[in-house]
file model.txt (compact mmCIF, C-alpha atoms and all ligand atoms)
# COMPACT_ATOMS: atom_id res chain seq x y z
CA MET A 4 0.00 0.00 0.00
CA ASN A 5 1.31 3.43 -0.95
CA CYS A 6 1.70 5.87 1.88
CA VAL A 7 2.70 9.45 2.60
CA ILE A 8 4.53 10.40 5.80
CA VAL A 9 3.80 13.81 7.28
CA ASP A 10 5.45 15.41 10.29
CA ILE A 11 3.05 17.28 12.61
CA ASP A 12 4.65 20.15 14.52
CA ASP A 13 5.47 23.14 12.32
CA THR A 14 4.61 21.07 9.26
CA LEU A 15 0.83 20.84 9.83
CA ILE A 16 0.49 22.75 13.07
CA ASP A 17 2.05 26.12 13.87
CA THR A 18 3.54 25.73 17.34
CA LYS A 19 5.07 29.19 17.60
CA PRO A 20 2.35 30.71 19.85
CA ARG A 21 2.57 27.67 22.14
CA THR A 22 6.38 27.74 22.29
CA LYS A 23 6.24 31.47 23.04
CA HIS A 24 3.85 30.76 25.93
CA ILE A 25 6.12 28.01 27.30
CA MET A 26 9.21 30.21 27.05
CA GLU A 27 7.35 32.93 28.93
CA ILE A 28 6.57 30.49 31.76
CA VAL A 29 10.22 29.42 31.94
CA LEU A 30 11.84 32.86 31.60
CA GLU A 31 9.10 34.74 33.48
CA ARG A 32 8.97 37.54 30.95
CA GLU A 33 7.37 38.39 27.64
CA ILE A 34 8.94 36.95 24.48
CA PRO A 35 8.01 38.56 21.12
CA LEU A 36 6.30 36.13 18.74
CA GLU A 37 8.47 37.50 15.90
CA ASP A 38 11.55 35.89 17.44
CA LEU A 39 10.02 32.43 17.13
CA GLY A 40 10.69 31.03 13.68
CA VAL A 41 13.69 33.36 13.28
CA LEU A 42 15.94 32.42 16.20
CA THR A 43 16.69 28.95 17.55
CA HIS A 44 15.44 28.13 21.06
CA GLU A 45 19.01 28.45 22.34
CA LYS A 46 19.42 31.92 20.85
CA ILE A 47 16.10 33.06 22.33
CA PHE A 48 17.26 31.81 25.72
CA LEU A 49 20.54 33.72 25.42
CA LYS A 50 18.73 36.85 24.27
CA TYR A 51 16.10 36.99 27.03
CA ALA A 52 17.43 35.06 30.04
CA SER A 53 18.51 37.12 33.03
CA GLU A 54 22.01 36.78 34.49
CA ILE A 55 20.69 34.44 37.16
CA GLN A 56 18.67 32.39 34.64
CA ARG A 57 21.78 31.94 32.51
CA THR A 58 23.49 30.23 35.42
CA GLN A 59 20.44 27.91 35.67
CA ALA A 60 20.44 26.96 31.99
CA LYS A 61 20.39 23.23 32.64
CA LYS A 62 17.45 23.35 35.02
CA LEU A 63 15.48 25.74 32.84
CA THR A 64 16.12 23.68 29.71
CA ALA A 65 14.71 20.64 31.52
CA GLN A 66 11.67 22.67 32.59
CA PHE A 67 11.22 23.88 28.99
CA LEU A 68 11.42 20.34 27.59
CA ASN A 69 8.99 18.95 30.17
CA LEU A 70 6.46 21.57 29.18
CA LEU A 71 7.14 21.19 25.46
CA LEU A 72 6.77 17.40 25.63
CA CYS A 73 3.59 17.66 27.72
CA LYS A 74 5.05 15.79 30.67
CA ASN A 75 2.92 17.90 32.99
CA GLU A 76 -0.53 19.50 33.06
CA ALA A 77 0.75 22.97 32.13
CA GLY A 78 2.35 21.50 29.01
CA ILE A 79 -0.88 19.77 27.95
CA GLU A 80 -2.89 22.89 28.78
CA SER A 81 -0.65 24.94 26.46
CA LEU A 82 -1.65 22.82 23.42
CA LYS A 83 -4.58 25.23 23.12
CA PHE A 84 -2.17 27.81 21.68
CA ASN A 85 -1.45 25.66 18.60
CA ARG A 86 -2.83 26.74 15.23
CA PRO A 87 -3.27 24.88 11.91
CA ILE A 88 -0.92 25.86 9.10
CA PRO A 89 -3.00 27.24 6.19
CA HIS A 90 -4.01 24.82 3.39
CA ALA A 91 -2.28 21.78 4.93
CA ALA A 92 -5.59 20.11 5.87
CA GLU A 93 -7.03 20.73 2.38
CA VAL A 94 -4.04 18.99 0.78
CA LEU A 95 -4.14 16.02 3.14
CA GLN A 96 -7.87 15.57 2.51
CA ILE A 97 -7.05 15.19 -1.20
CA TRP A 98 -4.11 12.85 -0.52
CA GLU A 99 -6.22 10.71 1.81
CA ASN A 100 -8.28 9.55 -1.19
CA GLU A 101 -5.15 8.20 -2.90
CA TRP A 102 -2.77 7.11 -0.18
CA LYS A 103 -2.50 6.07 3.41
CA ILE A 104 -1.45 9.02 5.59
CA VAL A 105 1.07 8.31 8.33
CA TYR A 106 1.60 11.10 10.85
CA LEU A 107 5.12 10.74 12.23
CA THR A 108 5.87 13.00 15.17
CA GLY A 109 8.40 13.59 17.90
CA ARG A 110 5.51 14.12 20.28
CA LEU A 111 5.31 11.51 23.02
CA ASN A 112 2.73 8.73 22.94
CA ILE A 113 1.46 9.91 26.35
CA ILE A 114 -0.51 12.59 24.46
CA GLN A 115 -1.86 10.37 21.68
CA GLU A 116 -5.49 11.21 22.48
CA ASN A 117 -4.81 14.96 22.68
CA THR A 118 -2.93 14.82 19.37
CA LEU A 119 -5.70 12.93 17.58
CA ARG A 120 -8.26 15.37 18.91
CA GLU A 121 -6.13 18.31 17.79
CA LEU A 122 -5.67 16.88 14.27
CA GLU A 123 -9.42 16.29 13.98
CA GLU A 124 -10.28 19.72 15.28
CA PHE A 125 -8.04 21.31 12.62
CA GLY A 126 -9.60 19.22 9.83
CA PHE A 127 -6.78 16.73 9.23
CA PRO A 128 -7.95 13.26 8.13
CA THR A 129 -7.64 10.70 10.92
CA ASP A 130 -9.98 7.85 9.94
CA ASN A 131 -7.75 6.03 7.49
CA SER A 132 -4.43 7.13 8.92
CA ASP A 133 -1.77 6.06 11.41
CA LEU A 134 -0.24 8.20 14.13
CA ILE A 135 3.30 7.16 15.01
CA MET A 136 4.72 8.84 18.10
CA PHE A 137 7.88 8.70 20.16
CA ASP A 138 8.08 6.59 23.24
CA PRO A 139 9.38 8.60 26.23
CA ALA A 140 12.42 6.28 26.18
CA ASP A 141 13.25 7.45 22.63
CA TRP A 142 14.24 10.81 24.04
CA GLY A 143 16.74 9.27 26.38
CA LYS A 144 18.69 6.85 24.20
CA GLY A 145 20.70 8.09 21.24
CA SER A 146 19.78 11.01 19.02
CA LEU A 147 16.35 12.04 17.83
CA LEU A 148 17.54 11.15 14.34
CA ASP A 149 18.22 7.57 15.47
CA ALA A 150 14.77 7.39 17.05
CA ARG A 151 13.24 8.67 13.81
CA LYS A 152 15.12 5.98 11.89
CA ARG A 153 13.81 3.21 14.13
CA LEU A 154 10.24 4.36 13.49
CA LEU A 155 10.89 4.81 9.75
CA SER A 156 12.24 1.31 9.55
CA SER A 157 8.97 -0.16 10.83
CA ILE A 158 6.83 2.13 8.63
CA THR A 159 8.77 1.23 5.49
CA GLU A 160 8.38 -2.48 6.31
CA GLN A 161 4.60 -2.10 6.29
CA PHE A 162 4.05 0.41 3.50
CA ASN A 163 5.51 1.66 0.26
CA VAL A 164 6.34 5.23 1.25
CA ILE A 165 6.17 7.49 -1.79
CA ARG A 166 6.47 10.91 -0.14
CA VAL A 167 7.40 12.72 3.06
CA VAL A 168 6.81 16.32 4.18
CA ASP A 169 8.79 17.75 7.12
CA ASP A 170 9.95 21.15 8.36
CA PHE A 171 13.18 19.92 9.98
CA PRO A 172 16.19 19.53 7.62
CA GLY A 173 17.99 17.26 10.09
CA TYR A 174 15.64 14.33 9.39
CA PHE A 175 16.13 14.30 5.61
CA SER A 176 19.24 12.16 5.68
CA ALA A 177 17.03 9.44 7.20
CA TYR A 178 14.29 9.92 4.59
CA LYS A 179 16.94 9.60 1.89
CA GLN A 180 18.45 6.52 3.53
CA PHE A 181 15.03 4.83 3.50
CA LEU A 182 14.72 5.64 -0.23
CA ILE A 183 11.56 7.72 -0.01
CA PRO A 184 11.46 9.16 -3.55
CA ASP A 185 9.63 12.49 -2.99
CA ARG A 186 11.21 14.27 0.00
CA ILE A 187 9.59 17.66 0.53
CA GLY A 188 11.05 20.24 2.90
CA LEU A 189 8.58 22.83 4.22
CA ASN A 190 10.68 25.91 4.79
CA GLN A 191 8.41 28.39 6.54
CA SER A 192 10.73 29.70 9.20
CA LYS A 193 13.92 31.68 8.87
CA VAL A 194 15.79 29.32 11.18
CA HIS A 195 16.75 27.09 8.23
CA THR A 196 17.58 27.80 4.60
CA LYS A 197 16.57 25.96 1.43
CA LYS A 198 20.19 24.86 1.17
CA ASP A 199 19.98 23.14 4.59
CA PHE A 200 17.16 20.95 3.27
CA PHE A 201 18.84 20.09 -0.03
CA GLU A 202 22.19 19.35 1.61
CA GLN A 203 20.56 16.84 3.97
CA GLY A 204 18.59 15.05 1.25
CA ALA A 205 15.38 16.88 0.35
CA THR A 206 14.36 16.53 -3.31
CA ARG A 207 12.31 19.74 -3.24
CA VAL A 208 11.60 22.61 -0.88
CA ILE A 209 8.35 24.56 -0.60
CA GLU A 210 7.36 27.56 1.52
CA LYS A 211 3.61 27.08 1.63
CA TRP A 212 1.19 24.13 1.44
CA ILE A 213 -0.78 25.91 -1.27
CA GLN A 214 2.07 24.99 -3.62
CA LEU A 215 1.13 21.34 -3.10
CA ARG A 216 -2.62 21.95 -3.37
CA ASP A 217 -2.50 22.90 -7.03
CA GLU A 218 -0.63 19.75 -8.08
CA SER A 219 -2.82 17.61 -5.80
CA GLU A 220 -6.03 18.81 -7.42
CA LYS A 221 -4.88 17.20 -10.68
CA LEU A 222 -4.79 13.74 -9.05
MG MG A 301 8.35 19.48 12.79

call {"tool": "encode", "arguments": {"input": "model.txt", "output": "C-alpha cells", "more": "lines below"}}
Ligand SMILES: [Mg+2]
result
Amino acid sequence: MNCVIVDIDDTLIDTKPRTKHIMEIVLEREIPLEDLGVLTHEKIFLKYASEIQRTQAKKLTAQFLNLLLCKNEAGIESLKFNRPIPHAAEVLQIWENEWKIVYLTGRLNIIQENTLRELEEFGFPTDNSDLIMFDPADWGKGSLLDARKRLLSSITEQFNVIRVVDDFPGYFSAYKQFLIPDRIGLNQSKVHTKKDFFEQGATRVIEKWIQLRDESEKL
C-alpha cells in the first residue's frame, strides 16, 4: 500500500504561539512572537534570560522540555495555543483519497489522544491514517535522528512510502536513507535555509502548502 509520511509540529500545526507561551513560563517575561521562527530556542534563551537564569540553563532547559513534551498539566494545557498551518488540511484531505497518511511526530505517545483530537479539530484526516509517536524512552537513548530511523524502519516495512513532508532539515538524511522518492522540505521559518534541506537530502523545498494543493487537485 502506498503511503505518505507527514510530520506534525510546524509542518501541519504552527507551534510558535505555544512555544512562546512556554518560554514565557520558563523565563518569566514576555517573548516577542516575531523571534520564534527566526531564532533557535538556544538563541532566544541567550537573548532573554537574566544573568541568574543563565546560570540555571540546565534546570530551565529541563523545565522547557517537560512543558514542550507535555510531561505535565501545564504543558498539555498549552496545546490550546497551537494553530493549523493554512491549506495543509485541504491537501491532506485530497491525498487521503489516494494514499495512506502516516503522521510521524516527535511528540510523546502519552498525548496520543490529545494529538488525535487536535488533528481532527483542525480538519486533518484521521480515519484512514496512522499516528506514530515517540516513546518517552526514545528521548533518552541516542539522538532524535536515530529514534526517527527506528520508526521509519517499521513504517517502510509495512508500507511503500512514496512521499514525506517535514519542516526539519535534520531528518532528511534518514528519509533519503530509506529511499523515499519524494522528499519535501517545508521551509516556513527563517531558522533554516533551502540549502539546509537540499544538503541533507530533500528533493524539493516549498514555503507554503498551497504549492502542493494545485498539483494535488490534478490527481
Ligand atoms: Mg516538525

call {"tool": "atom_distance", "arguments": {"input": "model.txt", "atom1": "CA of Leu72 (chain A)", "atom2": "CA of Asn190 (chain A)"}}
result
22.8 Å

call {"tool": "residues_around", "arguments": {"input": "model.txt", "residues": "Pro139 (chain A)", "least_positions_apart": "4", "cutoff": "10 Å", "atoms": "all atoms listed in the file", "output": "VMD selection string"}}
result
chain A and resid 72 74 109 to 113 143 to 144

call {"tool": "residues_near_point", "arguments": {"input": "model.txt", "point": "(6.4, 16.7, 8.1)", "cutoff": "10 Å", "atoms": "all atoms listed in the file", "output": "ChimeraX atom specification"}}
result
/A:7-16,105-108,167-171,174,186-189

call {"tool": "closest_residue", "arguments": {"input": "model.txt", "among": "A:Ile25, A:Ala65, A:Leu39, A:Ile183", "to": "Phe162 (chain A)", "atoms": "all atoms listed in the file"}}
result
A:Ile183

call {"tool": "closest_residue", "arguments": {"input": "model.txt", "among": "A:Ala60, A:Ile114, A:Leu95, A:Cys6", "to": "Leu82 (chain A)", "atoms": "all atoms listed in the file"}}
result
A:Ile114

call {"tool": "atom_distance", "arguments": {"input": "model.txt", "atom1": "CA of Glu218 (chain A)", "atom2": "CA of Gly126 (chain A)"}}
result
20.0 Å

call {"tool": "atom_distance", "arguments": {"input": "model.txt", "atom1": "CA of Leu147 (chain A)", "atom2": "CA of Ile79 (chain A)"}}
result
21.4 Å

call {"tool": "closest_residue", "arguments": {"input": "model.txt", "among": "A:Glu124, A:Tyr51, A:Glu76, A:Lys46", "to": "Glu33 (chain A)", "atoms": "all atoms listed in the file"}}
result
A:Tyr51

call {"tool": "closest_residue", "arguments": {"input": "model.txt", "among": "A:Met26, A:Leu36, A:Ile88, A:Val41", "to": "ligand MG 301 (chain A)", "atoms": "all atoms listed in the file"}}
result
A:Ile88
